[in-house]
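Trainee: Sharing protein23.txt here; it has compact mmCIF, C-alpha atoms.
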# COMPACT_ATOMS: atom_id res chain seq x y z
CA MET A 1 35.21 -44.21 -13.77
CA ILE A 2 35.47 -46.24 -10.55
CA LYS A 3 34.09 -49.74 -10.25
CA LYS A 4 34.09 -51.85 -7.07
CA VAL A 5 34.16 -55.59 -7.75
CA VAL A 6 35.14 -58.93 -6.28
CA LEU A 7 37.73 -60.78 -8.36
CA SER A 8 37.64 -64.56 -7.84
CA PHE A 9 40.82 -66.27 -8.97
CA PRO A 10 40.94 -69.94 -9.92
CA VAL A 11 43.74 -72.12 -8.58
CA ASP A 12 45.91 -71.73 -11.69
CA ALA A 13 45.71 -67.91 -11.62
CA THR A 14 46.73 -67.19 -8.02
CA ASP A 15 50.44 -67.24 -8.85
CA ARG A 16 50.18 -64.83 -11.81
CA SER A 17 50.75 -61.06 -11.71
CA LEU A 18 47.35 -60.14 -13.10
CA THR A 19 46.92 -56.93 -11.10
CA TYR A 20 50.33 -55.76 -12.31
CA GLU A 21 49.21 -56.44 -15.88
CA LEU A 22 46.09 -54.33 -15.33
CA VAL A 23 48.25 -51.40 -14.27
CA LYS A 24 50.91 -51.85 -16.94
CA LEU A 25 48.78 -52.76 -19.97
CA TYR A 26 45.53 -50.92 -19.27
CA ASP A 27 46.58 -48.05 -16.97
CA ILE A 28 44.02 -49.10 -14.34
CA ARG A 29 44.46 -47.81 -10.79
CA ILE A 30 43.75 -50.61 -8.31
CA ASN A 31 42.81 -50.10 -4.69
CA ILE A 32 42.79 -53.46 -2.91
CA LEU A 33 40.20 -53.29 -0.12
CA LYS A 34 40.35 -56.91 0.96
CA ALA A 35 42.34 -59.95 -0.12
CA GLU A 36 42.02 -63.64 0.66
CA ILE A 37 44.43 -65.58 -1.53
CA GLN A 38 46.21 -68.80 -0.69
CA ALA A 39 48.84 -70.34 -2.93
CA GLY A 40 47.55 -73.47 -4.58
CA LYS A 41 43.94 -72.56 -3.81
CA SER A 42 41.42 -70.13 -5.22
CA GLY A 43 41.45 -66.56 -3.99
CA ASN A 44 39.34 -63.41 -3.83
CA LEU A 45 40.13 -59.72 -4.04
CA LEU A 46 37.72 -56.93 -3.27
CA VAL A 47 39.03 -54.03 -5.34
CA GLU A 48 38.20 -50.60 -6.66
CA LEU A 49 39.25 -50.29 -10.28
CA GLU A 50 39.68 -46.79 -11.70
CA ALA A 51 40.29 -45.91 -15.34
CA GLY A 52 38.56 -44.58 -18.40
CA GLU A 53 35.53 -46.64 -19.42
CA ASP A 54 37.29 -48.19 -22.45
CA LYS A 55 40.41 -49.17 -20.51
CA LEU A 56 38.31 -50.56 -17.70
CA GLU A 57 36.31 -52.74 -20.11
CA GLN A 58 39.53 -53.96 -21.77
CA GLY A 59 41.07 -54.80 -18.39
CA ILE A 60 37.97 -56.68 -17.25
CA GLN A 61 37.94 -58.59 -20.54
CA TYR A 62 41.61 -59.49 -19.98
CA LEU A 63 40.84 -60.83 -16.50
CA THR A 64 37.90 -62.84 -17.82
CA GLU A 65 40.14 -64.38 -20.51
CA CYS A 66 42.59 -65.34 -17.75
CA GLY A 67 39.83 -67.24 -15.94
CA VAL A 68 39.08 -64.66 -13.26
CA SER A 69 35.41 -64.24 -12.31
CA ILE A 70 34.28 -60.65 -11.75
CA SER A 71 31.24 -59.90 -9.59
CA PRO A 72 29.81 -56.64 -8.34
CA VAL A 73 29.96 -56.29 -4.55
CA SER A 74 26.15 -56.16 -4.38
CA SER A 75 25.98 -59.76 -5.60
CA LYS A 76 28.25 -60.90 -2.75
CA VAL A 77 26.60 -59.10 0.18
CA SER A 78 22.96 -59.59 1.07
CA TYR A 79 20.56 -59.52 3.99
CA ASP A 80 17.00 -60.65 4.52
CA GLU A 81 15.08 -57.37 4.40
CA THR A 82 11.79 -59.12 5.19
CA GLN A 83 13.06 -60.25 8.60
CA CYS A 84 14.94 -57.03 9.46
CA ILE A 85 13.59 -55.18 12.51
CA ASN A 86 15.60 -52.01 11.69
CA CYS A 87 17.33 -52.01 15.07
CA GLY A 88 20.41 -50.27 13.65
CA MET A 89 23.00 -52.56 15.23
CA CYS A 90 24.59 -53.35 11.87
CA ALA A 91 24.59 -49.68 10.83
CA SER A 92 26.32 -48.65 14.05
CA SER A 93 29.14 -51.14 13.37
CA CYS A 94 29.53 -50.25 9.68
CA PHE A 95 32.47 -47.84 9.55
CA SER A 96 32.33 -47.57 5.74
CA HIS A 97 28.73 -46.27 6.00
CA ALA A 98 27.43 -48.86 3.54
CA LEU A 99 24.65 -49.55 6.03
CA THR A 100 22.70 -46.55 7.29
CA ILE A 101 19.52 -45.95 9.18
CA GLY A 102 17.83 -42.65 9.94
CA ALA A 103 15.14 -40.08 9.27
CA PRO A 104 12.71 -39.80 7.64
CA ASP A 105 11.79 -43.51 7.35
CA TRP A 106 14.10 -45.07 10.00
CA LYS A 107 14.63 -48.08 7.74
CA LEU A 108 17.95 -49.81 7.05
CA HIS A 109 19.53 -48.83 3.74
CA PHE A 110 22.41 -50.65 2.04
CA ASN A 111 24.79 -48.97 -0.42
CA PRO A 112 26.93 -51.74 -1.98
CA GLU A 113 29.33 -49.20 -3.50
CA LYS A 114 30.54 -48.28 -0.01
CA CYS A 115 30.76 -51.86 1.28
CA ILE A 116 34.24 -53.26 1.90
CA ALA A 117 33.07 -56.74 3.01
CA CYS A 118 34.58 -56.34 6.48
CA LYS A 119 31.94 -58.74 7.88
CA LEU A 120 31.16 -56.58 10.93
CA CYS A 121 27.47 -56.68 9.98
CA LEU A 122 27.56 -60.47 10.35
CA LYS A 123 28.73 -60.14 13.94
CA SER A 124 26.48 -57.25 14.95
CA CYS A 125 23.11 -58.34 13.53
CA PRO A 126 21.17 -59.93 16.41
CA LEU A 127 19.01 -61.87 13.94
CA LYS A 128 21.97 -63.04 11.79
CA LEU A 129 20.33 -61.77 8.59
CA PHE A 130 23.52 -60.93 6.65
CA ARG A 131 25.33 -63.17 4.21
CA ILE A 132 28.66 -62.41 2.58
CA GLU A 133 30.03 -64.67 -0.13
CA PHE A 134 33.67 -63.72 0.10
CA ALA A 135 35.77 -66.83 0.73
CA GLU A 136 33.53 -67.92 3.59
Mind turning the file's structure into structure tokens?
Mentor:
Amino acid sequence: MIKKVVLSFPVDATDRSLTYELVKLYDIRINILKAEIQAGKSGNLLVELEAGEDKLEQGIQYLTECGVSISPVSSKVSYDETQCINCGMCASSCFSHALTIGAPDWKLHFNPEKCIACKLCLKSCPLKLFRIEFAE
């Protein structure tokens, strides 16, 4: 099972080897897609976690007990669909293909599982409809 989440570390957890513990104790494969961590301040990691369902739940529980907040990517990336004109500018800049537009409806579609929070959609949207809560 693969789960893509944003890990938000409190100040007192940024100097701990929590990702190492996930690998060592719970046999979880971690793919770090994006990291913004500063010593003495809070930090965020966008990661893909891969393991059996039980091990993944145990690892997530361990992180929670260590004070780390875990959020699905979809809760961190959003855009105002009601104002979107479906121009496709964001989709053309999205190299992870999380944003797509095409036949048959020619509407913008967002797949949060593919999103890597690169923020290119923020720059390319002419109406500035995207919001990403990742250490902004």
Trainee: Could you check the closest approach to Ile2 in chain A for each of A:Tyr26, A:Glu50, A:Lys34, A:Thr19 and tell me which residue wins, using only C-alpha atoms?
Mentor: A:Glu50
Trainee: Determine the nearest neighbour of Gln61 in chain A from the options A:Phe110, A:Pro104, A:Cys121, A:Leu22, counting only C-alpha atoms.
Mentor: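 Of A:Phe110, A:Pro104, A:Cys121, A:Leu22, the one nearest Gln61 in chain A is A:Leu22, counting only C-alpha atoms.
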Trainee: Taking (38.0, -61.4, -15.4) in the coordinates of the supplied file, I want to know which residues reach to within 9 Å of it, counting all atoms listed in the file; could you give the answer as a list in words?
Mentor: Leu7, Ser8, Phe9, Gly59, Ile60, Gln61, Tyr62, Leu63, Thr64, Glu65, Cys66, Gly67, Val68, Ser69 and Ile70 of chain A
Trainee: Here is a test: counting all atoms listed in the file, which residue of A:Lys123, A:Arg131, A:Lys3, A:His109 is nearest to Leu46 in chain A?
Mentor: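 Once distances to Leu46 in chain A are computed over all atoms listed in the file, the minimum belongs to A:Lys3.
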Trainee: Suppose you want the space between CA of Thr100 in chain A and CA of Asp80 in chain A; what is it in Å?
Mentor: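 Spanning CA of Thr100 in chain A to CA of Asp80 in chain A is a straight-line distance of 15.5 Å.
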Trainee: Just checking: using all atoms listed in the file, which residue out of A:Ala117, A:Ala51, A:Met1, A:Cys94 ends up closest to Ile28 in chain A?
Mentor: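 Nearest candidate to Ile28 in chain A out of A:Ala117, A:Ala51, A:Met1, A:Cys94: A:Ala51.
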Trainee: Which neighbours of Leu120 in chain A fall inside 12 Å, counting all atoms listed in the file, when residues of the same chain fewer than 6 positions from it are skipped, and could you give them as a list in words?
Mentor: Val77, Met89, Cys90, Ala91, Ser92, Ser93, Cys94, Phe95, Ser96, His97, Ala98, Leu99, Pro126, Lys128, Phe130, Arg131 and Ile132 of chain A
Trainee: Quick one: everything within 10 Å of Leu127 in chain A, counting only C-alpha atoms, minus sequence neighbours fewer than 2 positions away in the same chain. Send it as an mmCIF file with C-alpha atoms, in the frame of the given file.
Mentor:
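For reference, out_8.cif as written:
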data_model
loop_
_atom_site.group_PDB
_atom_site.id
_atom_site.type_symbol
_atom_site.label_atom_id
_atom_site.label_comp_id
_atom_site.auth_asym_id
_atom_site.auth_seq_id
_atom_site.Cartn_x
_atom_site.Cartn_y
_atom_site.Cartn_z
ATOM 1 C CA ASP A 80 17.000 -60.650 4.520
ATOM 2 C CA GLN A 83 13.060 -60.250 8.600
ATOM 3 C CA CYS A 84 14.940 -57.030 9.460
ATOM 4 C CA ILE A 85 13.590 -55.180 12.510
ATOM 5 C CA LEU A 122 27.560 -60.470 10.350
ATOM 6 C CA LYS A 123 28.730 -60.140 13.940
ATOM 7 C CA SER A 124 26.480 -57.250 14.950
ATOM 8 C CA CYS A 125 23.110 -58.340 13.530
ATOM 9 C CA LEU A 129 20.330 -61.770 8.590
ATOM 10 C CA PHE A 130 23.520 -60.930 6.650
#
Trainee: Would you compute the distance between CA of Lys24 in chain A and CA of Val6 in chain A? Give it in Å to one decimal.
Mentor: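 We find that CA of Lys24 in chain A and CA of Val6 in chain A lie 20.3 Å from each other.
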Trainee: Suppose you want the space between CA of Lys4 in chain A and CA of Lys114 in chain A; what is it in Å?
Mentor: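 Atom-to-atom, CA of Lys4 in chain A to CA of Lys114 in chain A, that is 8.7 Å.
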Trainee: Starting from the point (27.2, -54.4, -2.9), work out which residues of protein, DNA or RNA have an atom no more than 8 Å away when counting all atoms listed in the file; state them as a list in words.
Mentor: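 With a cut-off of 8 Å, the residues come to Pro72, Val73, Ser74, Ser75, Lys76, Val77, Ser78, Phe110, Asn111, Pro112, Glu113, Lys114 and Cys115 of chain A.
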Trainee: Suppose we keep C-alpha atoms; can you now write the selection as a tab-separated table (two decimals), keeping the file's coordinate frame?
Mentor:
chain	number	residue	atom	x	y	z
A	72	PRO	CA	29.81	-56.64	-8.34
A	73	VAL	CA	29.96	-56.29	-4.55
A	74	SER	CA	26.15	-56.16	-4.38
A	75	SER	CA	25.98	-59.76	-5.60
A	76	LYS	CA	28.25	-60.90	-2.75
A	77	VAL	CA	26.60	-59.10	0.18
A	78	SER	CA	22.96	-59.59	1.07
A	110	PHE	CA	22.41	-50.65	2.04
A	111	ASN	CA	24.79	-48.97	-0.42
A	112	PRO	CA	26.93	-51.74	-1.98
A	113	GLU	CA	29.33	-49.20	-3.50
A	114	LYS	CA	30.54	-48.28	-0.01
A	115	CYS	CA	30.76	-51.86	1.28
Trainee: Compare A:Glu53, A:Tyr79, A:Gly88, A:Gln58 by their minimum atom-to-atom distance to Glu21 in chain A, counting all atoms listed in the file, and give me the closest one.
Mentor: A:Gln58
Trainee: Using all atoms listed in the file, find the one residue out of A:Cys87, A:Ala103, A:Val5, A:Leu18 that sits nearest to Leu33 in chain A.
Mentor: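 Ranked by minimum distance to Leu33 in chain A, first place goes to A:Val5.
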Trainee: Please provide the set of residues having any atom within 9 Å of Ile37 in chain A, restricted to only C-alpha atoms, with same-chain residues fewer than 6 positions apart removed, written as a ChimeraX atom specification.
Mentor: /A:9,14,43-45
Trainee: Reconstruct N, CA and C atoms of range 105-123 of chain A; output as a CSV table (one decimal), keeping the file's coordinate frame.
Mentor:
chain,number,residue,atom,x,y,z
A,105,ASP,N,12.5,-42.2,7.3
A,105,ASP,CA,11.8,-43.5,7.4
A,105,ASP,C,12.3,-44.5,8.4
A,106,TRP,N,13.5,-44.2,9.0
A,106,TRP,CA,14.1,-45.1,10.0
A,106,TRP,C,14.2,-46.5,9.6
A,107,LYS,N,14.4,-46.7,8.3
A,107,LYS,CA,14.6,-48.1,7.7
A,107,LYS,C,16.1,-48.3,7.4
A,108,LEU,N,16.6,-49.5,7.4
A,108,LEU,CA,18.0,-49.8,7.0
A,108,LEU,C,18.1,-49.7,5.6
A,109,HIS,N,19.2,-49.0,5.2
A,109,HIS,CA,19.5,-48.8,3.7
A,109,HIS,C,20.9,-49.4,3.5
A,110,PHE,N,21.1,-50.1,2.4
A,110,PHE,CA,22.4,-50.6,2.0
A,110,PHE,C,22.9,-50.1,0.7
A,111,ASN,N,24.1,-49.5,0.8
A,111,ASN,CA,24.8,-49.0,-0.4
A,111,ASN,C,26.0,-49.9,-0.7
A,112,PRO,N,25.8,-50.8,-1.7
A,112,PRO,CA,26.9,-51.7,-2.0
A,112,PRO,C,28.2,-51.1,-2.5
A,113,GLU,N,28.1,-49.9,-3.0
A,113,GLU,CA,29.3,-49.2,-3.5
A,113,GLU,C,30.3,-48.8,-2.4
A,114,LYS,N,29.7,-48.7,-1.2
A,114,LYS,CA,30.5,-48.3,0.0
A,114,LYS,C,31.0,-49.5,0.8
A,115,CYS,N,30.4,-50.7,0.5
A,115,CYS,CA,30.8,-51.9,1.3
A,115,CYS,C,32.2,-52.3,1.0
A,116,ILE,N,32.9,-52.7,2.1
A,116,ILE,CA,34.2,-53.3,1.9
A,116,ILE,C,34.3,-54.7,2.4
A,117,ALA,N,33.2,-55.3,2.6
A,117,ALA,CA,33.1,-56.7,3.0
A,117,ALA,C,33.9,-57.0,4.2
A,118,CYS,N,33.8,-56.2,5.2
A,118,CYS,CA,34.6,-56.3,6.5
A,118,CYS,C,33.9,-57.4,7.4
A,119,LYS,N,32.7,-57.7,7.1
A,119,LYS,CA,31.9,-58.7,7.9
A,119,LYS,C,31.5,-58.3,9.3
A,120,LEU,N,31.6,-57.0,9.6
A,120,LEU,CA,31.2,-56.6,10.9
A,120,LEU,C,29.6,-56.7,11.1
A,121,CYS,N,28.9,-56.6,9.9
A,121,CYS,CA,27.5,-56.7,10.0
A,121,CYS,C,27.1,-58.1,10.4
A,122,LEU,N,27.8,-59.1,10.0
A,122,LEU,CA,27.6,-60.5,10.4
A,122,LEU,C,27.6,-60.6,11.9
A,123,LYS,N,28.6,-60.0,12.5
A,123,LYS,CA,28.7,-60.1,13.9
A,123,LYS,C,27.7,-59.3,14.7
